>>> print(open('data_12.tsv').read())   # TSV, C-alpha atoms
chain	number	residue	atom	x	y	z
S	158	MET	CA	30.20	-15.80	12.49
S	159	THR	CA	27.76	-16.40	9.73
S	160	ASP	CA	29.23	-19.72	8.71
S	161	ARG	CA	29.58	-20.96	12.24
S	162	TYR	CA	26.11	-20.10	13.52
S	163	CYS	CA	23.87	-19.71	10.56
S	164	HIS	CA	23.43	-22.42	8.01
S	165	ARG	CA	19.79	-23.40	7.86
S	166	ALA	CA	17.39	-22.10	5.28
S	167	VAL	CA	13.86	-21.56	6.57
S	168	ARG	CA	10.80	-20.15	4.89
S	169	GLU	CA	7.28	-19.60	6.09
S	170	THR	CA	4.15	-17.75	4.97
S	171	GLN	CA	1.37	-16.69	7.31
S	172	ILE	CA	-1.63	-14.42	6.94
S	173	VAL	CA	-1.08	-11.67	9.49
S	174	MET	CA	-2.30	-8.08	9.52
S	175	GLY	CA	-4.73	-9.04	6.78
S	176	MET	CA	-2.09	-9.99	4.25
S	177	PRO	CA	0.23	-12.84	3.36
S	178	ILE	CA	3.64	-12.37	4.91
S	179	THR	CA	6.54	-14.53	3.77
S	180	VAL	CA	9.81	-14.67	5.65
S	181	GLU	CA	12.70	-16.52	4.07
S	182	ILE	CA	15.98	-16.75	5.95
S	183	ILE	CA	18.87	-18.39	4.16
S	184	ASP	CA	21.30	-18.59	7.06
S	185	CYS	CA	19.09	-19.00	10.07
S	186	PRO	CA	20.65	-19.94	13.40
S	187	SER	CA	17.43	-21.79	14.32
S	188	THR	CA	13.74	-21.56	13.59
S	189	ARG	CA	13.44	-19.17	16.52
S	190	PRO	CA	13.75	-15.96	14.45
S	191	LEU	CA	10.87	-17.10	12.24
S	192	SER	CA	8.48	-17.62	15.12
S	193	ASP	CA	9.68	-14.41	16.76
S	194	VAL	CA	9.00	-12.43	13.60
S	195	PHE	CA	5.49	-13.77	13.15
S	196	ALA	CA	4.75	-13.24	16.83
S	197	TYR	CA	5.94	-9.67	16.39
S	198	PHE	CA	3.63	-9.04	13.42
S	199	ASP	CA	0.75	-10.51	15.39
S	200	ALA	CA	1.47	-8.25	18.36
S	201	ILE	CA	1.60	-5.21	16.08
S	202	ASP	CA	-1.72	-6.18	14.56
S	203	ARG	CA	-3.29	-6.50	18.01
S	204	ARG	CA	-2.03	-3.05	18.96
S	205	PHE	CA	-2.74	-1.15	15.74
S	206	SER	CA	-5.68	-2.82	14.00
S	207	VAL	CA	-8.65	-0.54	13.52
S	208	PHE	CA	-10.71	-3.72	13.32
S	209	ARG	CA	-9.94	-5.02	16.80
S	210	PRO	CA	-12.10	-3.37	19.45
S	211	ASP	CA	-9.42	-3.95	22.08
S	212	SER	CA	-6.55	-2.39	20.10
S	213	GLU	CA	-4.66	0.58	21.43
S	214	ILE	CA	-5.50	2.59	18.33
S	215	ILE	CA	-9.23	2.13	18.95
S	216	ALA	CA	-8.78	3.10	22.61
S	217	PHE	CA	-6.86	6.20	21.54
S	218	ASN	CA	-9.42	7.20	18.92
S	219	ARG	CA	-12.26	6.80	21.41
S	220	GLY	CA	-10.47	8.93	23.95
S	221	ARG	CA	-10.04	6.07	26.41
S	222	VAL	CA	-6.28	6.55	26.31
S	223	MET	CA	-4.80	10.02	26.57
S	224	ARG	CA	-1.95	11.28	24.47
S	225	THR	CA	0.31	11.13	27.50
S	226	GLU	CA	-0.60	7.52	28.22
S	227	ILE	CA	0.09	5.91	24.87
S	228	SER	CA	2.68	3.20	24.39
S	229	ALA	CA	6.17	3.89	23.07
S	230	HIS	CA	5.12	2.00	19.92
S	231	LEU	CA	2.24	4.34	19.21
S	232	GLN	CA	4.35	7.37	20.06
S	233	GLU	CA	6.94	6.29	17.54
S	234	VAL	CA	4.32	5.70	14.85
S	235	LEU	CA	2.70	9.09	15.46
S	236	ALA	CA	6.06	10.87	15.32
S	237	LEU	CA	6.91	9.08	12.10
S	238	ALA	CA	3.54	9.92	10.60
S	239	ASP	CA	3.95	13.58	11.48
S	240	GLN	CA	7.44	13.72	10.01
S	241	THR	CA	6.32	12.01	6.82
S	242	ARG	CA	3.29	14.26	6.46
S	243	ARG	CA	5.53	17.33	6.49
S	244	ARG	CA	8.12	15.86	4.15
S	245	THR	CA	5.46	14.91	1.64
S	246	HIS	CA	3.66	18.26	1.61
S	247	GLY	CA	0.68	16.79	3.39
S	248	TYR	CA	0.22	13.95	0.93
S	249	PHE	CA	0.85	11.36	3.60
S	250	ASP	CA	-1.64	11.90	6.37
S	251	ILE	CA	-2.94	9.37	8.86
S	252	CYS	CA	-5.73	11.72	9.92
S	253	ARG	CA	-9.07	10.78	8.55
S	254	PRO	CA	-11.73	13.32	7.62
S	255	ASP	CA	-13.64	12.40	10.77
S	256	GLY	CA	-10.69	13.53	12.89
S	257	LEU	CA	-9.71	10.03	13.95
S	258	ILE	CA	-6.34	8.56	13.08
S	259	ASP	CA	-5.73	5.49	10.98
S	260	PRO	CA	-2.04	4.66	11.11
S	261	SER	CA	-2.31	1.47	9.04
S	262	GLY	CA	-0.58	3.20	6.13
S	263	ILE	CA	2.50	3.63	8.24
S	264	VAL	CA	2.38	0.53	10.42
S	265	LYS	CA	2.92	-1.95	7.63
S	266	GLY	CA	6.29	-0.65	6.46
S	267	TRP	CA	7.32	0.14	10.01
S	268	ALA	CA	6.53	-3.40	11.17
S	269	ILE	CA	8.48	-4.97	8.31
S	270	ARG	CA	11.46	-2.73	9.05
S	271	ASN	CA	11.33	-3.71	12.72
S	272	ALA	CA	10.97	-7.39	11.83
S	273	SER	CA	14.10	-7.13	9.71
S	274	ARG	CA	15.93	-5.73	12.73
S	275	LEU	CA	14.79	-8.75	14.75
S	276	ILE	CA	16.29	-11.04	12.13
S	277	ASP	CA	19.48	-8.96	12.03
S	278	ALA	CA	19.75	-9.29	15.81
S	279	ALA	CA	19.37	-13.07	15.54
S	280	GLY	CA	22.54	-13.13	13.47
S	281	ALA	CA	21.12	-13.89	10.03
S	282	LYS	CA	22.70	-11.98	7.17
S	283	ASN	CA	20.75	-13.25	4.20
S	284	TYR	CA	16.98	-13.06	4.16
S	285	LEU	CA	13.86	-11.68	2.53
S	286	ILE	CA	10.61	-10.44	4.01
S	287	ASP	CA	7.65	-9.98	1.69
S	288	ALA	CA	4.60	-8.51	3.38
S	289	GLY	CA	1.82	-8.11	0.86
S	290	GLY	CA	4.20	-6.95	-1.85
S	291	ASP	CA	6.32	-4.68	0.33
S	292	ILE	CA	9.76	-6.22	0.43
S	293	GLN	CA	12.89	-5.99	2.52
S	294	SER	CA	15.85	-8.10	1.49
S	295	ARG	CA	19.28	-8.47	3.00
S	296	GLY	CA	22.42	-10.16	1.78
S	297	LYS	CA	22.15	-12.85	-0.85
S	298	ALA	CA	19.49	-15.25	-2.11
S	299	PRO	CA	20.02	-19.04	-2.14
S	300	GLY	CA	23.06	-20.03	-4.15
S	301	GLY	CA	24.76	-16.73	-3.45
S	302	MET	CA	22.63	-14.96	-6.07
S	303	GLU	CA	21.31	-11.44	-5.72
S	304	TRP	CA	17.67	-11.25	-4.61
S	305	LYS	CA	15.43	-10.59	-7.60
S	306	ILE	CA	12.12	-8.79	-7.22
S	307	GLY	CA	9.48	-8.60	-9.93
S	308	ILE	CA	7.23	-5.60	-10.37
S	309	ARG	CA	3.67	-6.67	-10.98
S	310	ASN	CA	1.81	-5.58	-14.09
S	311	PRO	CA	-0.95	-3.29	-12.75
S	312	PHE	CA	-3.18	-4.40	-15.63
S	313	ASN	CA	-2.68	-8.13	-15.11
S	314	ASP	CA	-1.56	-9.35	-11.74
S	315	ARG	CA	-0.23	-12.62	-13.10
S	316	GLU	CA	2.44	-10.79	-15.05
S	317	ILE	CA	5.76	-9.23	-14.19
S	318	ILE	CA	6.87	-6.22	-16.19
S	319	LYS	CA	10.20	-5.42	-14.57
S	320	THR	CA	12.80	-7.22	-12.48
S	321	VAL	CA	15.09	-5.44	-10.04
S	322	HIS	CA	17.90	-6.25	-7.63
S	323	PRO	CA	17.15	-4.27	-4.47
S	324	PHE	CA	20.72	-4.70	-3.16
S	325	GLY	CA	19.53	-4.68	0.43
S	326	ARG	CA	17.15	-1.75	0.02
S	327	GLY	CA	13.39	-1.84	0.51
S	328	VAL	CA	10.86	-2.08	-2.32
S	329	ALA	CA	7.19	-1.07	-2.13
S	330	THR	CA	4.47	-0.50	-4.69
S	331	SER	CA	1.39	1.63	-4.36
S	332	GLY	CA	-1.44	1.42	-6.82
S	333	THR	CA	-5.11	1.43	-7.45
S	334	TYR	CA	-7.52	-0.99	-8.95
S	335	THR	CA	-8.51	-0.57	-12.52
S	336	ARG	CA	-11.80	-1.17	-14.16
S	337	GLY	CA	-11.46	-0.95	-17.87
S	338	HIS	CA	-9.87	2.41	-18.32
S	339	HIS	CA	-11.58	4.08	-15.39
S	340	ILE	CA	-9.66	4.89	-12.28
S	341	TYR	CA	-10.97	7.19	-9.61
S	342	ASN	CA	-9.58	9.33	-6.89
S	343	PRO	CA	-12.02	8.80	-4.02
S	344	HIS	CA	-11.37	12.27	-2.70
S	345	ARG	CA	-12.17	13.95	-5.98
S	346	PRO	CA	-14.64	11.48	-7.40
S	347	ASP	CA	-15.55	13.72	-10.32
S	348	HIS	CA	-11.96	13.73	-11.48
S	349	PRO	CA	-10.82	10.37	-12.76
S	350	ILE	CA	-7.12	9.81	-12.25
S	351	THR	CA	-5.95	9.66	-15.81
S	352	ASP	CA	-2.30	9.46	-15.03
S	353	ILE	CA	-0.74	6.72	-12.92
S	354	VAL	CA	-1.96	3.32	-11.83
S	355	SER	CA	1.15	1.97	-10.10
S	356	LEU	CA	4.21	3.45	-8.46
S	357	THR	CA	7.11	1.35	-7.22
S	358	VAL	CA	9.66	2.93	-4.91
S	359	ILE	CA	13.07	1.63	-3.90
S	360	GLY	CA	14.16	3.23	-0.63
S	361	ALA	CA	16.89	2.95	1.97
S	362	ASP	CA	14.65	0.44	3.72
S	363	VAL	CA	11.13	-0.90	3.27
S	364	LEU	CA	9.68	1.72	5.60
S	365	GLN	CA	10.97	4.59	3.49
S	366	ALA	CA	9.91	2.84	0.30
S	367	ASP	CA	6.40	2.21	1.62
S	368	LEU	CA	5.81	5.70	3.00
S	369	TYR	CA	7.00	7.47	-0.11
S	370	ALA	CA	5.25	5.09	-2.49
S	371	THR	CA	1.98	5.85	-0.71
S	372	ALA	CA	2.51	9.61	-0.64
S	373	ALA	CA	3.90	9.95	-4.16
S	374	PHE	CA	1.14	7.81	-5.63
S	375	ALA	CA	-1.42	10.23	-4.23
S	376	MET	CA	0.36	13.02	-6.12
S	377	GLY	CA	-0.58	11.42	-9.41
S	378	LYS	CA	1.79	12.05	-12.29
S	379	ASP	CA	3.82	14.48	-10.18
S	380	GLY	CA	4.74	11.62	-7.85
S	381	VAL	CA	7.68	10.23	-9.76
S	382	TYR	CA	9.16	13.74	-10.06
S	383	PHE	CA	8.78	14.13	-6.32
S	384	ILE	CA	10.69	10.85	-5.87
S	385	GLU	CA	13.34	12.12	-8.30
S	386	GLU	CA	13.93	15.07	-5.98
S	387	MET	CA	14.30	12.93	-2.86
S	388	PRO	CA	17.69	11.61	-1.82
S	389	GLN	CA	17.90	7.84	-1.33
S	390	LEU	CA	14.76	7.13	-3.34
S	391	GLU	CA	14.14	5.78	-6.83
S	392	GLY	CA	10.80	5.26	-8.51
S	393	TYR	CA	9.04	3.57	-11.41
S	394	ALA	CA	5.58	4.91	-12.25
S	395	ILE	CA	3.16	3.31	-14.71
S	396	ASP	CA	0.37	5.35	-16.24
S	397	MET	CA	-2.98	4.14	-17.46
S	398	ASP	CA	-1.70	3.82	-21.01
S	399	GLY	CA	0.98	1.38	-19.85
S	400	VAL	CA	3.82	3.85	-20.18
S	401	ALA	CA	6.38	3.78	-17.39
S	402	THR	CA	8.47	6.71	-16.19
S	403	GLN	CA	11.56	6.03	-14.11
S	404	THR	CA	13.83	8.20	-12.00
S	405	THR	CA	17.41	8.73	-13.14
S	406	GLY	CA	18.95	6.24	-10.72
S	407	PHE	CA	16.34	3.51	-11.08
S	408	GLY	CA	18.21	1.85	-13.91
S	409	THR	CA	21.05	0.81	-11.61
S	410	PHE	CA	18.65	-1.64	-9.93
S	411	VAL	CA	17.09	-3.04	-13.10
S	412	VAL	CA	17.88	-6.63	-14.07
S	413	SER	CA	15.55	-6.77	-17.05
B	116	MET	CA	16.89	10.33	-7.09
B	117	ARG	CA	18.65	13.08	-8.91
B	118	LEU	CA	22.34	13.55	-8.19
B	119	PHE	CA	22.84	16.56	-5.95
B	120	ALA	CA	19.21	16.41	-5.00
B	121	ARG	CA	18.18	19.02	-2.53
B	122	ALA	CA	18.22	18.02	1.09
B	123	ALA	CA	15.01	16.64	2.52
B	124	LEU	CA	13.20	18.72	5.06
B	125	PHE	CA	13.76	17.42	8.51
B	126	GLY	CA	11.76	17.87	11.64
B	127	THR	CA	10.82	15.59	14.42
B	128	SER	CA	8.63	17.30	16.96
B	129	ILE	CA	5.16	15.91	17.32
B	130	THR	CA	2.87	18.81	16.75
B	131	ALA	CA	0.15	17.45	14.59
B	132	VAL	CA	-2.91	16.11	16.24
B	133	CYS	CA	-5.69	15.33	13.85
B	134	ALA	CA	-8.13	17.85	15.17
B	135	VAL	CA	-5.54	20.56	14.75
B	136	ALA	CA	-4.56	19.48	11.28
B	137	ALA	CA	-8.17	19.34	10.19
B	138	ALA	CA	-8.94	22.74	11.66
B	139	PHE	CA	-6.20	24.41	9.68
B	140	SER	CA	-6.75	22.64	6.43
B	141	PRO	CA	-9.83	23.94	4.65
B	142	GLU	CA	-9.79	20.98	2.34
B	143	ALA	CA	-9.57	18.45	5.14
B	144	ALA	CA	-12.20	20.28	7.12
B	145	ARG	CA	-14.55	20.34	4.19
B	146	LEU	CA	-14.03	16.67	3.53
B	147	GLY	CA	-14.38	15.93	7.18
B	148	GLN	CA	-17.83	17.35	7.59
B	149	ALA	CA	-19.57	15.87	4.64
B	150	ALA	CA	-19.06	12.35	3.50
B	151	PRO	CA	-17.78	12.52	-0.06
B	152	ALA	CA	-20.47	11.73	-2.56
B	153	PRO	CA	-20.14	8.17	-3.73
B	154	LYS	CA	-18.89	7.97	-7.26
B	155	LYS	CA	-20.64	5.80	-9.73
B	156	MET	CA	-17.83	3.66	-10.88
B	157	ALA	CA	-19.13	2.13	-14.03
B	158	GLU	CA	-21.90	-0.05	-15.24
B	159	ALA	CA	-21.24	-3.46	-13.83
B	160	PRO	CA	-21.41	-6.25	-16.33
B	161	VAL	CA	-24.53	-8.33	-15.94
B	162	SER	CA	-23.31	-11.67	-17.00
B	163	GLY	CA	-22.14	-14.97	-15.74
B	164	SER	CA	-18.66	-13.66	-15.27
B	165	ALA	CA	-17.66	-14.32	-11.74
B	166	THR	CA	-15.08	-11.59	-11.45
B	167	MET	CA	-15.20	-7.84	-11.51
B	168	ALA	CA	-13.90	-6.36	-14.72
B	169	GLY	CA	-10.33	-5.51	-14.11
B	170	PHE	CA	-9.92	-8.62	-12.06
B	171	ALA	CA	-11.15	-10.81	-14.83
B	172	ARG	CA	-7.67	-11.85	-15.82
B	173	SER	CA	-6.54	-12.01	-12.26
B	174	ALA	CA	-5.28	-15.18	-10.73
B	175	SER	CA	-6.75	-13.99	-7.48
B	176	PRO	CA	-8.47	-16.70	-5.50
B	177	ILE	CA	-10.96	-14.17	-4.15
B	178	ARG	CA	-13.87	-13.84	-6.51
B	179	VAL	CA	-17.05	-11.88	-6.63
B	180	MET	CA	-20.22	-13.91	-6.66
B	181	ALA	CA	-21.74	-14.46	-10.05
B	182	TYR	CA	-24.07	-11.77	-11.31
B	183	VAL	CA	-26.55	-14.18	-12.80
B	184	GLN	CA	-28.35	-14.25	-9.49
B	185	ARG	CA	-31.13	-11.65	-9.02
B	186	TYR	CA	-30.79	-9.25	-6.12
B	187	ARG	CA	-33.21	-7.07	-4.21
B	188	ASP	CA	-33.46	-3.58	-5.69
B	189	GLY	CA	-31.81	-0.80	-3.77
B	190	ARG	CA	-28.39	-0.19	-2.38
B	191	ALA	CA	-26.37	-2.73	-0.44
B	192	THR	CA	-23.29	-1.60	1.38
B	193	GLY	CA	-20.43	-4.00	1.89
B	194	SER	CA	-18.46	-4.23	5.06
B	195	ALA	CA	-15.42	-2.02	5.49
B	196	VAL	CA	-12.47	-4.22	4.66
B	197	ASP	CA	-8.97	-3.61	5.91
B	198	ALA	CA	-6.62	-3.31	2.95
B	199	TYR	CA	-3.92	-2.46	5.42
B	200	TYR	CA	-3.23	0.67	3.50
B	201	GLY	CA	-6.53	1.78	4.89
B	202	VAL	CA	-10.13	0.79	4.53
B	203	VAL	CA	-12.05	-0.20	1.45
B	204	GLN	CA	-15.82	-0.14	1.34
B	205	VAL	CA	-18.12	-0.41	-1.64
B	206	GLN	CA	-21.84	-0.19	-2.27
B	207	ALA	CA	-23.73	-2.11	-4.92
B	208	VAL	CA	-26.64	-0.39	-6.63
B	209	ILE	CA	-29.26	-2.87	-7.75
B	210	ARG	CA	-32.04	-2.16	-10.19
B	211	GLY	CA	-34.31	-4.71	-11.80
B	212	GLY	CA	-32.57	-7.37	-9.75
B	213	ARG	CA	-29.22	-6.61	-11.29
B	214	VAL	CA	-26.13	-4.78	-10.22
B	215	VAL	CA	-26.07	-1.58	-12.24
B	216	ALA	CA	-23.36	0.36	-10.41
B	217	VAL	CA	-20.70	0.02	-7.82
B	218	ASN	CA	-19.98	2.99	-5.59
B	219	VAL	CA	-16.67	3.28	-3.84
B	220	LEU	CA	-17.46	4.68	-0.41
B	221	ARG	CA	-14.04	4.44	1.14
B	222	HIS	CA	-10.70	3.87	-0.42
B	223	PRO	CA	-7.27	4.31	1.10
B	224	SER	CA	-4.85	6.78	-0.28
B	225	HIS	CA	-3.89	8.82	2.77
B	226	SER	CA	-4.29	11.93	0.74
B	227	TRP	CA	-6.86	14.11	2.39
B	228	THR	CA	-5.38	17.27	1.04
B	229	SER	CA	-5.04	18.26	-2.55
B	230	ARG	CA	-2.26	20.77	-2.38
B	231	SER	CA	-0.07	20.37	-5.40
B	232	ILE	CA	3.63	20.27	-4.99
B	233	ASN	CA	5.47	23.34	-6.09
B	234	THR	CA	6.91	22.04	-9.30
B	235	ARG	CA	9.68	23.81	-11.08
B	236	ALA	CA	10.77	22.87	-14.56
B	237	LEU	CA	10.33	19.10	-14.51
B	238	PRO	CA	13.39	17.03	-15.29
B	239	ARG	CA	13.15	14.82	-18.33
B	240	LEU	CA	12.86	11.24	-17.15
B	241	GLU	CA	13.27	8.07	-19.13
B	242	GLN	CA	10.05	6.46	-20.34
B	243	GLU	CA	9.17	3.09	-21.80
B	244	VAL	CA	6.12	1.05	-22.68
B	245	ILE	CA	5.70	-1.75	-20.16
B	246	ARG	CA	5.90	-5.27	-21.46
B	247	ALA	CA	5.32	-8.58	-19.73
B	248	GLN	CA	8.50	-10.51	-19.15
B	249	SER	CA	9.40	-13.88	-17.83
B	250	ALA	CA	11.97	-13.98	-15.11
B	251	ASP	CA	12.88	-16.13	-12.15
B	252	ILE	CA	12.13	-13.99	-9.17
B	253	HIS	CA	12.08	-14.39	-5.41
B	254	ALA	CA	9.15	-12.07	-4.66
B	255	VAL	CA	6.74	-9.71	-6.35
B	256	SER	CA	6.07	-6.10	-5.50
B	257	GLY	CA	2.62	-4.89	-6.42
B	258	ALA	CA	-0.50	-3.33	-5.06
B	259	THR	CA	-3.07	-6.08	-4.96
B	260	LEU	CA	-4.23	-5.82	-1.39
B	261	THR	CA	-6.60	-3.02	-2.16
B	262	SER	CA	-8.09	-5.04	-4.96
B	263	HIS	CA	-8.64	-8.01	-2.70
B	264	ALA	CA	-10.24	-5.83	-0.06
B	265	PHE	CA	-12.44	-4.28	-2.74
B	266	VAL	CA	-13.67	-7.67	-3.87
B	267	ARG	CA	-14.33	-8.82	-0.31
B	268	SER	CA	-16.40	-5.73	0.40
B	269	MET	CA	-18.30	-6.26	-2.84
B	270	ASN	CA	-19.03	-9.87	-1.93
B	271	GLU	CA	-20.44	-8.74	1.37
B	272	ALA	CA	-22.69	-6.17	-0.35
B	273	LEU	CA	-24.04	-8.78	-2.75
B	274	ARG	CA	-24.60	-11.24	0.06
B	275	GLN	CA	-26.78	-8.66	1.80
B	276	ALA	CA	-28.70	-7.93	-1.38
B	277	SER	CA	-29.47	-11.58	-1.93
B	278	SER	CA	-30.64	-12.46	1.55
>>> encode(input="data_12.tsv", output="C-alpha cells")
Amino acid sequence: MTDRYCHRAVRETQIVMGMPITVEIIDCPSTRPLSDVFAYFDAIDRRFSVFRPDSEIIAFNRGRVMRTEISAHLQEVLALADQTRRRTHGYFDICRPDGLIDPSGIVKGWAIRNASRLIDAAGAKNYLIDAGGDIQSRGKAPGGMEWKIGIRNPFNDREIIKTVHPFGRGVATSGTYTRGHHIYNPHRPDHPITDIVSLTVIGADVLQADLYATAAFAMGKDGVYFIEEMPQLEGYAIDMDGVATQTTGFGTFVVS
Amino acid sequence: MRLFARAALFGTSITAVCAVAAAFSPEAARLGQAAPAPKKMAEAPVSGSATMAGFARSASPIRVMAYVQRYRDGRATGSAVDAYYGVVQVQAVIRGGRVVAVNVLRHPSHSWTSRSINTRALPRLEQEVIRAQSADIHAVSGATLTSHAFVRSMNEALRQASS
C-alpha cells in the first residue's frame, strides 16, 4: 500500500495557533494531507483561542453558550482536562483563578494528536509533526533512518543537550524562562523555583507527553518522580544547576 | 516509567466545572479572589543590550527594544500574549526614565493548586550534568514559546512607556 500510493515527500511550516508548526510527510499520497492538516489547526484555533472574540471558548466563558450546547470538540477537551486534572493530583487544571476556563494547555497536544490521525487516515506511514517543540513522529525519517529529536538546552536555546529516537511516541518539553539564576513560580512569587527549568516527557503520543510535561513541570523537582511512577511515560528533567535527572526507561530512547 | 509501575487512576465522568473546583479548593479560591502580587523579577540591565538577560544568547528573532531609550516613569503593562500554554503578561517599572524592574503578572503553568504529591521513598534516578552536543536532528523539543510571548509582552509595555 505504502509503496503504491505514497511516495512523495512534502514539508511545510506555517504559523498557526501562535506558533510555528512544521509538518513533514515522507510518503505522502498527495499534498492534500498537508493542506488538510493546516486547515485543521486553523479551525481549532478559531474554536479555542482565548484571543478571538468569536471563539467558542469565549462564548462559553461569557455564558453565551450553555454547557449542554457546546460542540463535541469542546466536550472532548473538557472531559480530557477533567481526567488529566484528577490523574495529576490537581496539577493540571484549565480553570483559572477567575473561574473561567483556559483550555489552551490541553488543546495544543490534542490538536497535534488529531492532526496525526488525519495523516494516518490519508495513508502516510512516515511523518513528523513539530508544533512549537511538541513533536509527534511516525515511521521512519528520510533515507529509512529513525527520527531524531534534539532536546533544547534551557540555558541556551541554540544548543541541543540530548538526542532521542521517539520510536513513534510523542515528545513534549515544558519549561520556564530564566533570568540569570532567578526563576519564579508565578503562583508563589515569594518562592523562587530553585529546582527544575525544563522537563521533557516521552509519552504514548504527543497528547500524553504534553499533558504530563505541563503537569509534572508544575510539581517542581517531584515532577520527574511522578513521571517515573506513570506507566507509558519517561522523563528528563533539568535543574537550574544544569543537572539532569532521567527516569529509568528514558535511556532506551537516547541516541547521544 | 518504573517497571511494574502502579496503575494510573482512571475516571472519565465530567464533574468538574470551574466554579465548583474553585469553591472546594481553598488555595484556588484564595488565588481567585485576589490577583497575585506581582513579583519583582530582577533589576533589568540598563544598557544598550537589546535582549533581556536570559535571552541574550538566544538566536530568537524576537527582541526587546533597546534600553538606551528613556521612558516615562511609572508602570507600563504589556499586552497579554498567548504562549499557547496559557497567557503571558509583564509590567515594566520605570524610574528615572529607565526600566528598573519587570513584574510578571501572568504566566502559564496550569498549576493553581499547590498540593504536593504524596511521595514515598523516592527511587534513585540516574543523573548527569548536561552538555551541549552536536547532532543531526529532525526537530527540537524545547519550551521557547513562553519566552517569546514574554518578550512580546515586554515590547508592548515599553512601547506604551515611550509614547
>>> closest_residue(input="data_12.tsv", among="B:Asn270, B:Ser277, B:Ser194, B:Val215", to="chain S", atoms="all atoms listed in the file")
B:Ser194
>>> residues_near_point(input="data_12.tsv", point="(4.5, -2.5, -20.0)", cutoff="10 Å", atoms="all atoms listed in the file", output="PyMOL selection string")
(chain S and resi 309-312+316-319+395-396+398-401) or (chain B and resi 243-248)
>>> closest_residue(input="data_12.tsv", among="S:Val381, S:Cys252, S:Ala366, S:Val411", to="chain B", atoms="only C-alpha atoms")
S:Cys252
>>> atom_distance(input="data_12.tsv", atom1="atom CA of Pro190 of chain S", atom2="atom CA of Ser256 of chain B")
23.5 Å
>>> atom_distance(input="data_12.tsv", atom1="atom CA of Pro238 of chain B", atom2="atom CA of Leu390 of chain S")
15.6 Å
>>> atom_distance(input="data_12.tsv", atom1="atom CA of Val180 of chain S", atom2="atom CA of Ile286 of chain S")
4.6 Å
>>> closest_residue(input="data_12.tsv", among="S:Arg244, S:Arg270, S:Arg165, S:Arg204", to="chain B", atoms="only C-alpha atoms")
S:Arg244
>>> residues_around(input="data_12.tsv", residues="Asp188 of chain B", least_positions_apart="3", cutoff="10 Å", atoms="only C-alpha atoms", output="PDB file with C-alpha atoms, in the coordinates of the input")
ATOM      1  CA  ARG B 185     -31.130 -11.650  -9.020  1.00  0.00           C
ATOM      2  CA  ALA B 191     -26.370  -2.730  -0.440  1.00  0.00           C
ATOM      3  CA  ALA B 207     -23.730  -2.110  -4.920  1.00  0.00           C
ATOM      4  CA  VAL B 208     -26.640  -0.390  -6.630  1.00  0.00           C
ATOM      5  CA  ILE B 209     -29.260  -2.870  -7.750  1.00  0.00           C
ATOM      6  CA  ARG B 210     -32.040  -2.160 -10.190  1.00  0.00           C
ATOM      7  CA  GLY B 211     -34.310  -4.710 -11.800  1.00  0.00           C
ATOM      8  CA  GLY B 212     -32.570  -7.370  -9.750  1.00  0.00           C
ATOM      9  CA  ARG B 213     -29.220  -6.610 -11.290  1.00  0.00           C
ATOM     10  CA  VAL B 214     -26.130  -4.780 -10.220  1.00  0.00           C
ATOM     11  CA  ALA B 276     -28.700  -7.930  -1.380  1.00  0.00           C
ATOM     12  CA  SER B 277     -29.470 -11.580  -1.930  1.00  0.00           C
TER      13      SER B 277
END
>>> closest_residue(input="data_12.tsv", among="B:Val196, B:Leu273, B:Ser268, B:Val255", to="chain S", atoms="all atoms listed in the file")
B:Val255
>>> residues_near_point(input="data_12.tsv", point="(18.3, 8.8, -13.1)", cutoff="10 Å", atoms="only C-alpha atoms", output="list in words")
Glu385, Glu391, Gly392, Gln403, Thr404, Thr405, Gly406, Phe407, Gly408 and Thr409 of chain S; Met116, Arg117, Leu118, Pro238, Arg239, Leu240 and Glu241 of chain B
>>> closest_residue(input="data_12.tsv", among="B:Gln204, B:Thr192, B:Asn218, B:Ser249", to="chain S", atoms="only C-alpha atoms")
B:Ser249
>>> closest_residue(input="data_12.tsv", among="B:Arg187, B:His253, B:Ala195, B:Val205", to="chain S", atoms="all atoms listed in the file")
B:His253
